[in-house]
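model07.cif (mmCIF, C-alpha atoms and all ligand atoms)
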```cif
data_model
#
loop_
_atom_site.label_atom_id
_atom_site.label_comp_id
_atom_site.auth_asym_id
_atom_site.auth_seq_id
_atom_site.Cartn_x
_atom_site.Cartn_y
_atom_site.Cartn_z
CA MET S 1 34.32 21.96 11.83
CA SER S 2 33.07 22.78 8.36
CA SER S 3 30.40 20.58 6.86
CA PRO S 4 31.55 18.25 4.11
CA GLU S 5 30.92 19.12 0.49
CA TYR S 6 27.71 17.62 -0.75
CA PRO S 7 26.50 17.34 -4.28
CA LYS S 8 24.53 20.17 -5.87
CA TRP S 9 21.74 17.82 -6.89
CA ILE S 10 20.49 17.80 -3.29
CA ASP S 11 19.89 21.58 -3.42
CA ASP S 12 18.37 21.25 -6.88
CA ASP S 13 16.04 18.50 -5.81
CA LEU S 14 14.99 20.37 -2.66
CA GLN S 15 14.16 23.38 -4.84
CA LYS S 16 12.12 21.16 -7.15
CA ILE S 17 10.13 19.81 -4.21
CA ARG S 18 9.54 23.36 -2.91
CA ASP S 19 8.51 24.65 -6.36
CA ALA S 20 5.90 21.91 -6.61
CA GLY S 21 4.49 23.00 -3.22
CA LEU S 22 5.32 19.57 -1.81
CA PHE S 23 8.07 20.31 0.70
CA ARG S 24 7.51 18.37 3.92
CA SER S 25 8.60 20.18 7.06
CA ARG S 26 8.85 18.56 10.47
CA ARG S 27 7.35 19.61 13.77
CA THR S 28 7.51 18.40 17.35
CA PHE S 29 4.34 17.18 18.99
CA LYS S 30 3.47 16.11 22.46
CA PRO S 31 0.61 13.63 22.61
CA LEU S 32 -1.89 14.33 25.39
CA PRO S 33 -4.71 12.16 26.73
CA GLY S 34 -8.28 12.64 25.52
CA GLY S 35 -7.49 12.85 21.80
CA ARG S 36 -5.45 16.04 22.30
CA CYS S 37 -1.88 17.05 21.55
CA LEU S 38 0.42 19.97 22.22
CA LEU S 39 2.02 21.74 19.25
CA ASP S 40 3.91 25.06 19.38
CA GLY S 41 2.57 25.69 22.87
CA GLN S 42 -1.06 25.26 21.77
CA THR S 43 -3.33 22.40 22.86
CA LEU S 44 -5.08 20.96 19.84
CA ILE S 45 -7.83 18.42 19.27
CA ASN S 46 -5.87 15.77 17.42
CA LEU S 47 -7.82 14.52 14.40
CA SER S 48 -4.70 13.16 12.74
CA SER S 49 -4.05 10.17 14.97
CA ASN S 50 -4.48 6.47 14.18
CA ASP S 51 -5.03 5.62 17.84
CA TYR S 52 -8.64 4.84 16.95
CA LEU S 53 -9.58 3.17 20.24
CA ASP S 54 -7.74 5.67 22.45
CA LEU S 55 -5.43 3.01 23.86
CA ALA S 56 -1.99 4.63 23.47
CA HIS S 57 -2.49 6.67 26.66
CA ASP S 58 -4.53 4.08 28.56
CA ASP S 59 -3.40 3.61 32.18
CA ARG S 60 -3.54 -0.17 31.85
CA LEU S 61 -1.16 -0.18 28.86
CA ILE S 62 1.16 2.21 30.65
CA ALA S 63 1.16 0.00 33.77
CA ALA S 64 1.88 -3.15 31.73
CA ALA S 65 4.73 -1.44 29.88
CA THR S 66 6.17 0.07 33.07
CA SER S 67 6.24 -3.25 34.84
CA ALA S 68 7.93 -4.99 31.89
CA LEU S 69 10.37 -2.07 31.60
CA SER S 70 11.57 -2.42 35.18
CA GLU S 71 11.84 -6.16 34.76
CA MET S 72 13.61 -6.36 31.39
CA GLY S 73 14.95 -2.90 30.62
CA VAL S 74 14.32 -0.93 27.47
CA GLY S 75 15.82 -2.46 24.32
CA ALA S 76 15.52 -6.11 23.21
CA ARG S 77 19.31 -6.23 22.66
CA ALA S 78 19.25 -8.65 19.68
CA SER S 79 17.12 -9.91 16.84
CA ALA S 80 14.39 -12.35 17.83
CA LEU S 81 16.11 -15.51 16.58
CA VAL S 82 19.46 -14.70 18.19
CA SER S 83 18.29 -13.84 21.72
CA GLY S 84 15.84 -10.92 21.54
CA ARG S 85 12.59 -12.90 21.82
CA THR S 86 11.45 -12.68 25.46
CA GLU S 87 8.51 -14.17 27.30
CA TRP S 88 6.55 -11.02 26.37
CA HIS S 89 7.17 -11.59 22.64
CA GLU S 90 6.10 -15.21 22.99
CA ARG S 91 3.00 -14.24 24.95
CA LEU S 92 2.02 -11.58 22.43
CA GLU S 93 2.46 -13.98 19.51
CA SER S 94 0.21 -16.60 21.15
CA GLN S 95 -2.32 -13.94 22.12
CA LEU S 96 -2.35 -12.57 18.56
CA ALA S 97 -2.91 -16.06 17.16
CA LEU S 98 -5.84 -16.57 19.56
CA PHE S 99 -7.25 -13.11 18.85
CA GLU S 100 -7.02 -13.66 15.10
CA GLY S 101 -8.37 -17.22 15.27
CA ALA S 102 -5.21 -18.41 13.51
CA GLU S 103 -2.82 -21.26 14.29
CA ALA S 104 0.15 -18.96 14.79
CA ALA S 105 1.43 -15.40 14.55
CA ILE S 106 4.82 -13.78 14.04
CA LEU S 107 5.88 -10.28 15.13
CA PHE S 108 7.85 -7.71 13.13
CA PRO S 109 9.51 -4.43 14.18
CA SER S 110 6.80 -2.46 12.35
CA GLY S 111 3.96 -2.87 9.90
CA TYR S 112 6.24 -1.45 7.23
CA ALA S 113 8.85 -4.12 7.96
CA ALA S 114 6.18 -6.84 7.90
CA ASN S 115 4.83 -5.76 4.51
CA LEU S 116 8.20 -5.14 2.91
CA GLY S 117 9.61 -8.42 4.18
CA VAL S 118 6.63 -10.67 3.57
CA VAL S 119 5.85 -9.52 0.02
CA SER S 120 9.49 -9.68 -1.03
CA ALA S 121 9.87 -13.17 0.52
CA LEU S 122 6.67 -14.53 -1.04
CA ALA S 123 7.31 -13.22 -4.55
CA SER S 124 10.30 -13.75 -6.79
CA GLU S 125 11.29 -12.89 -10.36
CA GLN S 126 9.13 -15.48 -12.12
CA ASP S 127 6.01 -14.45 -10.13
CA THR S 128 3.37 -11.79 -10.71
CA VAL S 129 2.10 -9.49 -7.98
CA PHE S 130 -1.26 -7.76 -8.46
CA CYS S 131 -1.36 -4.56 -6.46
CA ASP S 132 -4.22 -2.15 -5.83
CA ARG S 133 -3.23 1.32 -7.04
CA LEU S 134 -4.00 2.76 -3.59
CA ASN S 135 -1.94 0.20 -1.66
CA HIS S 136 0.34 1.43 1.10
CA ALA S 137 3.91 2.27 0.06
CA SER S 138 5.31 -0.65 2.07
CA LEU S 139 3.41 -3.16 -0.09
CA ILE S 140 4.50 -1.48 -3.32
CA ASP S 141 8.11 -1.39 -2.07
CA GLY S 142 7.88 -5.09 -1.22
CA CYS S 143 6.75 -5.81 -4.80
CA ARG S 144 9.61 -3.78 -6.23
CA LEU S 145 12.17 -5.46 -3.99
CA SER S 146 10.94 -8.91 -4.97
CA GLY S 147 11.73 -8.35 -8.66
CA ALA S 148 8.35 -9.89 -9.53
CA ARG S 149 6.22 -8.54 -12.38
CA LEU S 150 3.92 -5.87 -10.97
CA ARG S 151 0.37 -5.38 -12.23
CA VAL S 152 -1.61 -2.47 -10.83
CA TYR S 153 -5.43 -2.58 -10.65
CA ARG S 154 -8.22 -0.49 -9.10
CA HIS S 155 -10.58 -2.00 -6.58
CA ASP S 156 -13.52 0.01 -7.94
CA ASN S 157 -13.16 -1.88 -11.22
CA LEU S 158 -12.03 -5.48 -10.84
CA GLU S 159 -12.42 -6.23 -14.58
CA LYS S 160 -8.82 -5.17 -15.15
CA LEU S 161 -7.59 -7.46 -12.38
CA LYS S 162 -9.58 -10.33 -13.87
CA ARG S 163 -8.13 -9.74 -17.35
CA GLU S 164 -4.58 -9.53 -15.99
CA LEU S 165 -5.05 -12.71 -13.94
CA GLU S 166 -6.28 -14.50 -17.07
CA LYS S 167 -3.26 -13.35 -19.07
CA VAL S 168 -0.63 -14.83 -16.77
CA THR S 169 0.53 -18.26 -17.87
CA GLY S 170 3.42 -20.46 -16.76
CA ASP S 171 4.43 -21.77 -13.34
CA GLY S 172 5.04 -18.46 -11.55
CA LYS S 173 2.96 -17.71 -8.49
CA LYS S 174 0.15 -15.17 -8.69
CA ILE S 175 -0.16 -12.99 -5.61
CA ILE S 176 -2.94 -10.45 -5.05
CA VAL S 177 -1.94 -7.86 -2.46
CA THR S 178 -4.29 -5.28 -0.95
CA ASP S 179 -4.89 -2.98 2.01
CA SER S 180 -8.18 -4.01 3.62
CA VAL S 181 -9.02 -0.41 4.61
CA PHE S 182 -7.25 2.13 2.39
CA SER S 183 -5.31 4.41 4.66
CA MET S 184 -5.82 7.75 2.90
CA ASP S 185 -9.37 7.11 1.60
CA GLY S 186 -11.01 5.05 4.31
CA SER S 187 -12.52 3.03 1.45
CA LEU S 188 -12.78 -0.74 1.76
CA ALA S 189 -11.29 -3.46 -0.41
CA PRO S 190 -13.97 -5.70 -2.00
CA LEU S 191 -12.60 -8.74 -0.17
CA VAL S 192 -15.38 -11.16 -1.15
CA SER S 193 -14.81 -10.53 -4.89
CA LEU S 194 -11.04 -10.65 -4.39
CA CYS S 195 -11.39 -14.04 -2.66
CA ASP S 196 -13.54 -15.29 -5.55
CA LEU S 197 -10.94 -14.16 -8.09
CA ALA S 198 -8.03 -15.57 -6.05
CA GLU S 199 -9.75 -18.95 -5.86
CA LYS S 200 -10.75 -18.98 -9.53
CA TYR S 201 -7.26 -18.11 -10.77
CA GLU S 202 -5.33 -19.98 -8.06
CA ALA S 203 -3.72 -16.86 -6.69
CA ILE S 204 -2.50 -16.20 -3.17
CA LEU S 205 -4.45 -13.38 -1.48
CA MET S 206 -2.55 -11.25 1.00
CA ILE S 207 -4.29 -8.46 2.92
CA ASP S 208 -2.91 -5.67 5.08
CA GLU S 209 -5.29 -4.95 7.97
CA ALA S 210 -3.29 -1.96 9.28
CA HIS S 211 -6.49 0.13 9.62
CA GLY S 212 -8.75 -2.89 10.10
CA THR S 213 -7.33 -4.51 13.23
CA GLY S 214 -9.19 -3.41 16.35
CA VAL S 215 -11.69 -1.34 14.36
CA TRP S 216 -13.61 -3.63 12.00
CA GLY S 217 -15.32 -6.98 12.58
CA ALA S 218 -17.60 -8.26 15.34
CA THR S 219 -14.63 -8.93 17.63
CA GLY S 220 -12.23 -6.37 16.14
CA ARG S 221 -10.18 -8.75 14.01
CA GLY S 222 -10.50 -6.59 10.95
CA LEU S 223 -12.35 -6.23 7.67
CA ALA S 224 -11.86 -9.90 6.75
CA GLU S 225 -13.84 -10.79 9.87
CA GLU S 226 -16.49 -8.16 9.08
CA LEU S 227 -16.95 -9.65 5.58
CA GLY S 228 -16.69 -13.28 6.72
CA VAL S 229 -13.68 -14.20 4.58
CA GLU S 230 -10.90 -14.78 7.11
CA TYR S 231 -10.57 -18.46 6.24
CA ARG S 232 -10.24 -17.62 2.52
CA VAL S 233 -7.31 -15.22 2.90
CA THR S 234 -3.85 -16.85 2.75
CA VAL S 235 -1.81 -14.14 4.47
CA ARG S 236 -3.21 -11.62 6.95
CA ILE S 237 -0.90 -8.82 8.03
CA GLY S 238 -1.67 -6.31 10.73
CA THR S 239 0.00 -3.56 12.69
CA LEU S 240 0.02 -2.87 16.41
CA SER S 241 0.85 0.80 15.87
CA LYS S 242 -2.66 2.00 15.05
CA ALA S 243 -5.80 0.86 16.91
CA VAL S 244 -3.70 -1.34 19.21
CA GLY S 245 -1.93 1.81 20.41
CA THR S 246 1.62 0.42 20.50
CA MET S 247 4.15 -0.54 17.81
CA GLY S 248 5.03 -3.48 15.60
CA GLY S 249 3.66 -5.52 12.72
CA PHE S 250 2.42 -9.10 12.66
CA VAL S 251 1.26 -11.90 10.39
CA ALA S 252 -1.40 -14.38 11.48
CA GLY S 253 -1.82 -17.65 9.61
CA SER S 254 -1.12 -21.36 9.57
CA SER S 255 1.77 -22.82 11.59
CA ALA S 256 3.49 -23.77 8.35
CA LEU S 257 3.24 -20.23 6.98
CA VAL S 258 4.57 -18.74 10.23
CA ASP S 259 7.46 -21.25 10.42
CA TRP S 260 8.31 -20.40 6.82
CA LEU S 261 8.24 -16.65 7.51
CA TRP S 262 10.59 -17.11 10.49
CA ASN S 263 13.06 -18.71 8.09
CA ARG S 264 12.66 -16.54 5.02
CA VAL S 265 11.73 -12.96 5.88
CA ARG S 266 14.77 -10.73 6.03
CA THR S 267 13.10 -7.82 7.84
CA GLN S 268 12.43 -10.27 10.70
CA ILE S 269 15.79 -12.05 10.69
CA TYR S 270 18.00 -8.96 10.36
CA SER S 271 16.29 -6.51 12.69
CA THR S 272 16.25 -6.18 16.48
CA ALA S 273 13.15 -7.55 18.18
CA LEU S 274 10.52 -5.13 19.53
CA PRO S 275 11.15 -3.78 23.04
CA PRO S 276 9.61 -6.28 25.52
CA ALA S 277 7.66 -3.49 27.26
CA ILE S 278 5.91 -2.67 23.98
CA CYS S 279 4.86 -6.33 23.69
CA ALA S 280 3.51 -6.26 27.25
CA ALA S 281 1.45 -3.16 26.44
CA ALA S 282 0.14 -4.76 23.23
CA CYS S 283 -0.96 -7.88 25.19
CA GLU S 284 -2.96 -5.60 27.48
CA ALA S 285 -4.44 -3.73 24.49
CA LEU S 286 -5.66 -6.96 22.87
CA GLU S 287 -7.47 -7.88 26.10
CA ILE S 288 -9.13 -4.46 26.24
CA ILE S 289 -10.18 -4.68 22.57
CA GLN S 290 -11.92 -7.98 23.31
CA ALA S 291 -13.41 -6.94 26.66
CA GLU S 292 -14.68 -3.48 25.61
CA PRO S 293 -16.52 -3.75 22.28
CA GLU S 294 -18.33 -0.48 23.08
CA ARG S 295 -15.16 1.35 22.07
CA ARG S 296 -15.76 0.23 18.47
CA ARG S 297 -19.47 0.99 18.64
CA VAL S 298 -18.96 4.55 19.93
CA LEU S 299 -16.14 5.11 17.42
CA PHE S 300 -18.44 4.24 14.51
CA GLU S 301 -21.26 6.42 15.89
CA ARG S 302 -18.96 9.44 16.09
CA ALA S 303 -17.49 8.80 12.65
CA ASP S 304 -20.95 8.36 11.10
CA PHE S 305 -22.06 11.66 12.60
CA LEU S 306 -19.06 13.55 11.24
CA ARG S 307 -19.17 11.91 7.79
CA LYS S 308 -22.90 12.65 7.35
CA GLU S 309 -22.39 16.26 8.37
CA LEU S 310 -19.45 16.68 5.98
CA GLN S 311 -21.33 15.08 3.10
CA GLN S 312 -23.87 17.91 3.31
CA ARG S 313 -21.19 20.48 2.45
CA THR S 314 -21.31 21.29 -1.27
CA ASN S 315 -17.80 22.72 -1.60
CA ILE S 316 -15.92 19.54 -0.66
CA THR S 317 -15.88 15.90 -1.77
CA ILE S 318 -16.24 13.14 0.82
CA PRO S 319 -15.85 9.65 -0.65
CA ALA S 320 -18.58 7.23 0.33
CA SER S 321 -17.35 4.84 2.98
CA ASN S 322 -17.61 3.99 6.64
CA GLY S 323 -15.41 4.03 9.70
CA PRO S 324 -13.05 6.50 11.33
CA ILE S 325 -10.95 7.62 8.33
CA ILE S 326 -12.68 10.55 6.60
CA PRO S 327 -10.86 12.30 3.75
CA ILE S 328 -11.97 15.82 2.83
CA ILE S 329 -10.81 16.17 -0.75
CA LEU S 330 -9.83 19.74 -1.65
CA GLN S 331 -7.79 18.80 -4.77
CA ASP S 332 -5.25 21.64 -4.71
CA PRO S 333 -2.17 21.11 -2.49
CA ASP S 334 -1.83 24.82 -1.56
CA VAL S 335 -5.49 25.16 -0.56
CA THR S 336 -5.13 21.95 1.44
CA MET S 337 -2.13 23.32 3.35
CA LYS S 338 -3.89 26.66 3.91
CA VAL S 339 -7.07 25.12 5.31
CA ALA S 340 -5.02 22.78 7.53
CA ALA S 341 -3.07 25.78 8.88
CA GLU S 342 -6.27 27.72 9.62
CA LEU S 343 -7.77 24.72 11.37
CA GLN S 344 -4.65 24.49 13.48
CA GLU S 345 -5.03 28.12 14.49
CA ALA S 346 -8.61 27.31 15.46
CA GLY S 347 -7.40 24.41 17.65
CA PHE S 348 -7.62 21.32 15.42
CA LEU S 349 -4.88 19.13 14.00
CA VAL S 350 -5.69 17.27 10.79
CA GLY S 351 -3.35 15.56 8.34
CA ALA S 352 -2.77 17.49 5.10
CA ILE S 353 -2.01 14.84 2.50
CA ARG S 354 -0.50 15.66 -0.88
CA PRO S 355 1.02 13.74 -3.79
CA PRO S 356 2.90 11.43 -3.99
CA THR S 357 1.07 9.95 -0.99
CA VAL S 358 -2.22 10.40 -2.92
CA PRO S 359 -2.81 10.75 -6.70
CA GLU S 360 -2.34 14.19 -8.35
CA GLY S 361 -5.34 16.49 -7.99
CA THR S 362 -6.67 14.72 -4.90
CA SER S 363 -4.87 16.58 -2.11
CA ARG S 364 -6.91 16.27 1.01
CA LEU S 365 -7.36 16.69 4.71
CA ARG S 366 -7.31 13.28 6.31
CA VAL S 367 -9.52 13.40 9.37
CA SER S 368 -9.40 10.45 11.73
CA VAL S 369 -11.91 10.22 14.52
CA THR S 370 -11.01 8.29 17.66
CA TYR S 371 -12.89 6.93 20.66
CA ALA S 372 -11.51 9.85 22.68
CA HIS S 373 -13.31 12.53 20.66
CA THR S 374 -16.61 13.80 21.96
CA GLN S 375 -19.60 14.93 19.93
CA ASP S 376 -18.80 18.47 21.09
CA ASP S 377 -15.22 18.20 19.70
CA LEU S 378 -16.65 17.25 16.32
CA VAL S 379 -19.30 19.98 16.28
CA ARG S 380 -16.63 22.58 17.03
CA PHE S 381 -14.44 21.11 14.30
CA LEU S 382 -17.26 21.47 11.76
CA LYS S 383 -17.69 25.15 12.67
CA ALA S 384 -13.98 25.87 12.27
CA LEU S 385 -13.90 23.96 8.98
CA ASP S 386 -16.89 25.87 7.59
CA ARG S 387 -15.21 29.19 8.39
CA SER S 388 -12.01 28.14 6.64
CA LEU S 389 -13.79 26.66 3.61
CA ALA S 390 -15.76 29.89 3.18
CA ARG S 391 -12.47 31.79 2.91
CA ASN S 392 -10.57 29.37 0.68
CA VAL S 393 -12.87 27.19 -1.39
CA GLU S 394 -15.50 28.22 -3.90
CA SER S 395 -18.84 26.45 -3.84
CA ARG S 396 -19.21 23.97 -6.66
C1 LIG P 401 0.60 2.57 8.71
C2 LIG P 401 0.49 1.52 7.69
C3 LIG P 401 1.48 0.53 7.57
C4 LIG P 401 2.76 0.60 8.34
O1 LIG P 401 2.60 0.23 9.67
P1 LIG P 401 3.64 0.75 10.76
O2 LIG P 401 3.42 -0.16 11.90
O3 LIG P 401 3.30 2.16 11.03
O4 LIG P 401 5.01 0.60 10.15
C5 LIG P 401 1.24 -0.49 6.67
N1 LIG P 401 0.14 -0.53 5.90
C6 LIG P 401 -0.80 0.42 5.98
C7 LIG P 401 -2.01 0.32 5.10
C8 LIG P 401 -0.65 1.47 6.86
O5 LIG P 401 -1.58 2.44 6.90
#
```

Same coordinates, now as structure tokens:
Amino acid sequence: MSSPEYPKWIDDDLQKIRDAGLFRSRRTFKPLPGGRCLLDGQTLINLSSNDYLDLAHDDRLIAAATSALSEMGVGARASALVSGRTEWHERLESQLALFEGAEAAILFPSGYAANLGVVSALASEQDTVFCDRLNHASLIDGCRLSGARLRVYRHDNLEKLKRELEKVTGDGKKIIVTDSVFSMDGSLAPLVSLCDLAEKYEAILMIDEAHGTGVWGATGRGLAEELGVEYRVTVRIGTLSKAVGTMGGFVAGSSALVDWLWNRVRTQIYSTALPPAICAAACEALEIIQAEPERRRVLFERADFLRKELQQRTNITIPASNGPIIPIILQDPDVTMKVAAELQEAGFLVGAIRPPTVPEGTSRLRVSVTYAHTQDDLVRFLKALDRSLARNVESR
């Protein structure tokens, strides 16, 4: 069978992507326990994973999922409202509400689906959405889909946001949307100031705790808990696919909000429910997060150690922040790919992040530390990094 004709613009566009040094190629990984993975036959220390608390491979999650699998099979078979919502979905939603200290919670197939669906349901053409320039793509896409006016601001200078909020008149809703922990920077949204502005200008504040849930806050509820503003945030979104070690997105909030989302959010209504076994594993993960706070403490100790060490290097830029996401900004996309490849040869996997995921001129290695990584892993990583930087990056 010959392949069908396809338009020349696909070849042209592929060439354009390659010429810009931005072609994304795919590889096949095998995750291993202990913060490791297997790639091309080589065992690597995986510093590119969002499994911050080392739960994805935990025996207790595997046992919970296995038991639910034998009971209910693999797929959910239908969307939640039709017949896909099992006892495990219900249990996870109540457990999430309890965990988050909210009246109710609603699950989504993924964090992406939650963000896309919730923003586009909340906002419509006559509304204005205020988006941080570093927000995750799913939030930006939700804004675009909604048809609302989009205003972009920077969280390191809220004057612009304030001016834009002042300018909006009329009956349209004002919605401020932000990541709590920025995924490629590890920097934190100034939630207290954002709450102040939202209250002053009668705006809805929606935050995405994708990298906050399980990691930040005294009980692991996220950055809003850490900064004491949970009760001031209208919509809190999270994902179960990062520190919770499983899959799925969720919103925690008032019963009215959750009832409304069940009736209005298209990515919930028109998508198959999560596999029940995944929900069973996530229930187990939430219990572990509450019962074992030392996972968070050790995670922050390790991350602090690595960040402080990296900040002493003069040939790289490490943004000031806290927590397990540590970007090493190398600026040039080719240098970034080269250093990532050399680190891989030396036994370490780190994310090499280029535009359009990050702004032009800020290509970077995105290092994420997890609870599984030992001090020795990190010391060895620093040695390999220093060798590669010496070859590829001039001292500034
Ligand atoms: C990963 C991520 C998402 C998407 O979550 P998934 O569950 O992976 O679809 C949303 N927002 C942010 C900030 C993220 O980093």

Query - Computed interatomic separation between atom CA of Ile237 of chain S and atom CA of Asp208 of chain S (Å) - result: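 The value is 4.8 Å.
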
Query - Residues within 6 Å of Gly212 of chain S, all atoms listed in the file, excluding chain neighbours under 4 positions, as a count of residues only - result: 3

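Considering the residues S:Ala63, S:Ile289, S:Leu205, S:Ala390 and counting only C-alpha atoms, Val177 of chain S has its shortest atom-to-atom contact with S:Leu205.
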
Contacts to ligand LIG 401 (chain P) at 8 Å cut-off (all atoms listed in the file) as a PDB file with C-alpha atoms, keeping the file's coordinate frame:
```
ATOM      1  CA  PRO S 109       9.510  -4.430  14.180  1.00  0.00           C
ATOM      2  CA  SER S 110       6.800  -2.460  12.350  1.00  0.00           C
ATOM      3  CA  GLY S 111       3.960  -2.870   9.900  1.00  0.00           C
ATOM      4  CA  TYR S 112       6.240  -1.450   7.230  1.00  0.00           C
ATOM      5  CA  ALA S 113       8.850  -4.120   7.960  1.00  0.00           C
ATOM      6  CA  ALA S 114       6.180  -6.840   7.900  1.00  0.00           C
ATOM      7  CA  ASN S 115       4.830  -5.760   4.510  1.00  0.00           C
ATOM      8  CA  ASN S 135      -1.940   0.200  -1.660  1.00  0.00           C
ATOM      9  CA  HIS S 136       0.340   1.430   1.100  1.00  0.00           C
ATOM     10  CA  ALA S 137       3.910   2.270   0.060  1.00  0.00           C
ATOM     11  CA  SER S 138       5.310  -0.650   2.070  1.00  0.00           C
ATOM     12  CA  LEU S 139       3.410  -3.160  -0.090  1.00  0.00           C
ATOM     13  CA  ASP S 179      -4.890  -2.980   2.010  1.00  0.00           C
ATOM     14  CA  SER S 180      -8.180  -4.010   3.620  1.00  0.00           C
ATOM     15  CA  VAL S 181      -9.020  -0.410   4.610  1.00  0.00           C
ATOM     16  CA  PHE S 182      -7.250   2.130   2.390  1.00  0.00           C
ATOM     17  CA  SER S 183      -5.310   4.410   4.660  1.00  0.00           C
ATOM     18  CA  MET S 184      -5.820   7.750   2.900  1.00  0.00           C
ATOM     19  CA  ASP S 208      -2.910  -5.670   5.080  1.00  0.00           C
ATOM     20  CA  GLU S 209      -5.290  -4.950   7.970  1.00  0.00           C
ATOM     21  CA  ALA S 210      -3.290  -1.960   9.280  1.00  0.00           C
ATOM     22  CA  HIS S 211      -6.490   0.130   9.620  1.00  0.00           C
ATOM     23  CA  GLY S 238      -1.670  -6.310  10.730  1.00  0.00           C
ATOM     24  CA  THR S 239       0.000  -3.560  12.690  1.00  0.00           C
ATOM     25  CA  LEU S 240       0.020  -2.870  16.410  1.00  0.00           C
ATOM     26  CA  SER S 241       0.850   0.800  15.870  1.00  0.00           C
ATOM     27  CA  LYS S 242      -2.660   2.000  15.050  1.00  0.00           C
ATOM     28  CA  MET S 247       4.150  -0.540  17.810  1.00  0.00           C
ATOM     29  CA  GLY S 248       5.030  -3.480  15.600  1.00  0.00           C
ATOM     30  CA  GLY S 249       3.660  -5.520  12.720  1.00  0.00           C
TER      31      GLY S 249
END
```

Query raised in the report: What lies within 7 Å of segment 328-345 of chain S using all atoms listed in the file, ignoring chain neighbours under 2 positions off, as a PyMOL selection string?
Result: chain S and resi 21+316-318+326+347-350+352+354+361-366+384-385+388+392

Save the residues we just selected, C-alpha atoms, as a PDB file, keeping the file's coordinate frame?
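Saved the output as part-v8.pdb:
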```pdb
ATOM      1  CA  GLY S  21       4.490  23.000  -3.220  1.00  0.00           C
ATOM      2  CA  ILE S 316     -15.920  19.540  -0.660  1.00  0.00           C
ATOM      3  CA  THR S 317     -15.880  15.900  -1.770  1.00  0.00           C
ATOM      4  CA  ILE S 318     -16.240  13.140   0.820  1.00  0.00           C
ATOM      5  CA  ILE S 326     -12.680  10.550   6.600  1.00  0.00           C
ATOM      6  CA  GLY S 347      -7.400  24.410  17.650  1.00  0.00           C
ATOM      7  CA  PHE S 348      -7.620  21.320  15.420  1.00  0.00           C
ATOM      8  CA  LEU S 349      -4.880  19.130  14.000  1.00  0.00           C
ATOM      9  CA  VAL S 350      -5.690  17.270  10.790  1.00  0.00           C
ATOM     10  CA  ALA S 352      -2.770  17.490   5.100  1.00  0.00           C
ATOM     11  CA  ARG S 354      -0.500  15.660  -0.880  1.00  0.00           C
ATOM     12  CA  GLY S 361      -5.340  16.490  -7.990  1.00  0.00           C
ATOM     13  CA  THR S 362      -6.670  14.720  -4.900  1.00  0.00           C
ATOM     14  CA  SER S 363      -4.870  16.580  -2.110  1.00  0.00           C
ATOM     15  CA  ARG S 364      -6.910  16.270   1.010  1.00  0.00           C
ATOM     16  CA  LEU S 365      -7.360  16.690   4.710  1.00  0.00           C
ATOM     17  CA  ARG S 366      -7.310  13.280   6.310  1.00  0.00           C
ATOM     18  CA  ALA S 384     -13.980  25.870  12.270  1.00  0.00           C
ATOM     19  CA  LEU S 385     -13.900  23.960   8.980  1.00  0.00           C
ATOM     20  CA  SER S 388     -12.010  28.140   6.640  1.00  0.00           C
ATOM     21  CA  ASN S 392     -10.570  29.370   0.680  1.00  0.00           C
TER      22      ASN S 392
END
```

Report task. Could you tell me which of S:Leu310, S:Asn50, S:Gly73, S:Lys383 comes closest to Thr86 of chain S if we count all atoms listed in the file? Result -> S:Gly73

Requested in this report: For Ala121 of chain S, list every protein, DNA or RNA residue within 10 Å, evaluated using all atoms listed in the file, and leave out those in the same chain fewer than 2 positions away; present the list as number ranges by chain.
Outcome: S: 115-119, 123-124, 142-143, 145-146, 260-261, 263-267

Requested in this report: Find the distance between atom CA of His89 of chain S and atom CA of Ala104 of chain S and write it in Å to one decimal.
Outcome: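 We find that atom CA of His89 of chain S and atom CA of Ala104 of chain S lie 12.9 Å from each other.
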
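Shortest atom-to-atom contact with Phe300 of chain S among S:Ile269, S:Ala20, S:Leu53, S:Leu194: S:Leu53, counting all atoms listed in the file.
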
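Restricting the calculation to only C-alpha atoms, the smallest distance between Trp88 of chain S and any of S:Asp40, S:Glu284, S:Asp196, S:Asp19 is found for S:Glu284.
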
**Report entry** Atom-to-atom span, atom CA of Ala203 of chain S and atom CA of Ile175 of chain S, Å
**Finding:** 5.4 Å

Query raised in the report: Got a sec: who's within 9 Å of Asp58 of chain S, counting all atoms listed in the file, leaving out chain neighbours fewer than 6 positions off, as a ChimeraX atom specification?
Result: /S:33,245,285

Query raised in the report: Quick one: of S:Leu227, S:Pro275, S:Gln126, S:Ser83, who's nearest to Ala68 of chain S, counting all atoms listed in the file?
Result: S:Pro275

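Minimum atom-to-atom distances from S:Leu161, S:Ala281, S:Leu32, S:Leu306 to Ile62 of chain S were compared using all atoms listed in the file, and the lowest value belongs to S:Ala281.
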
Requested in this report: List the neighbours of Asp54 of chain S out to 10 Å using all atoms listed in the file; skip same-chain residues closer than 6 positions along the sequence, and give me the result as a ChimeraX atom specification.
Outcome: /S:33-35,242-245,295,299,370-373
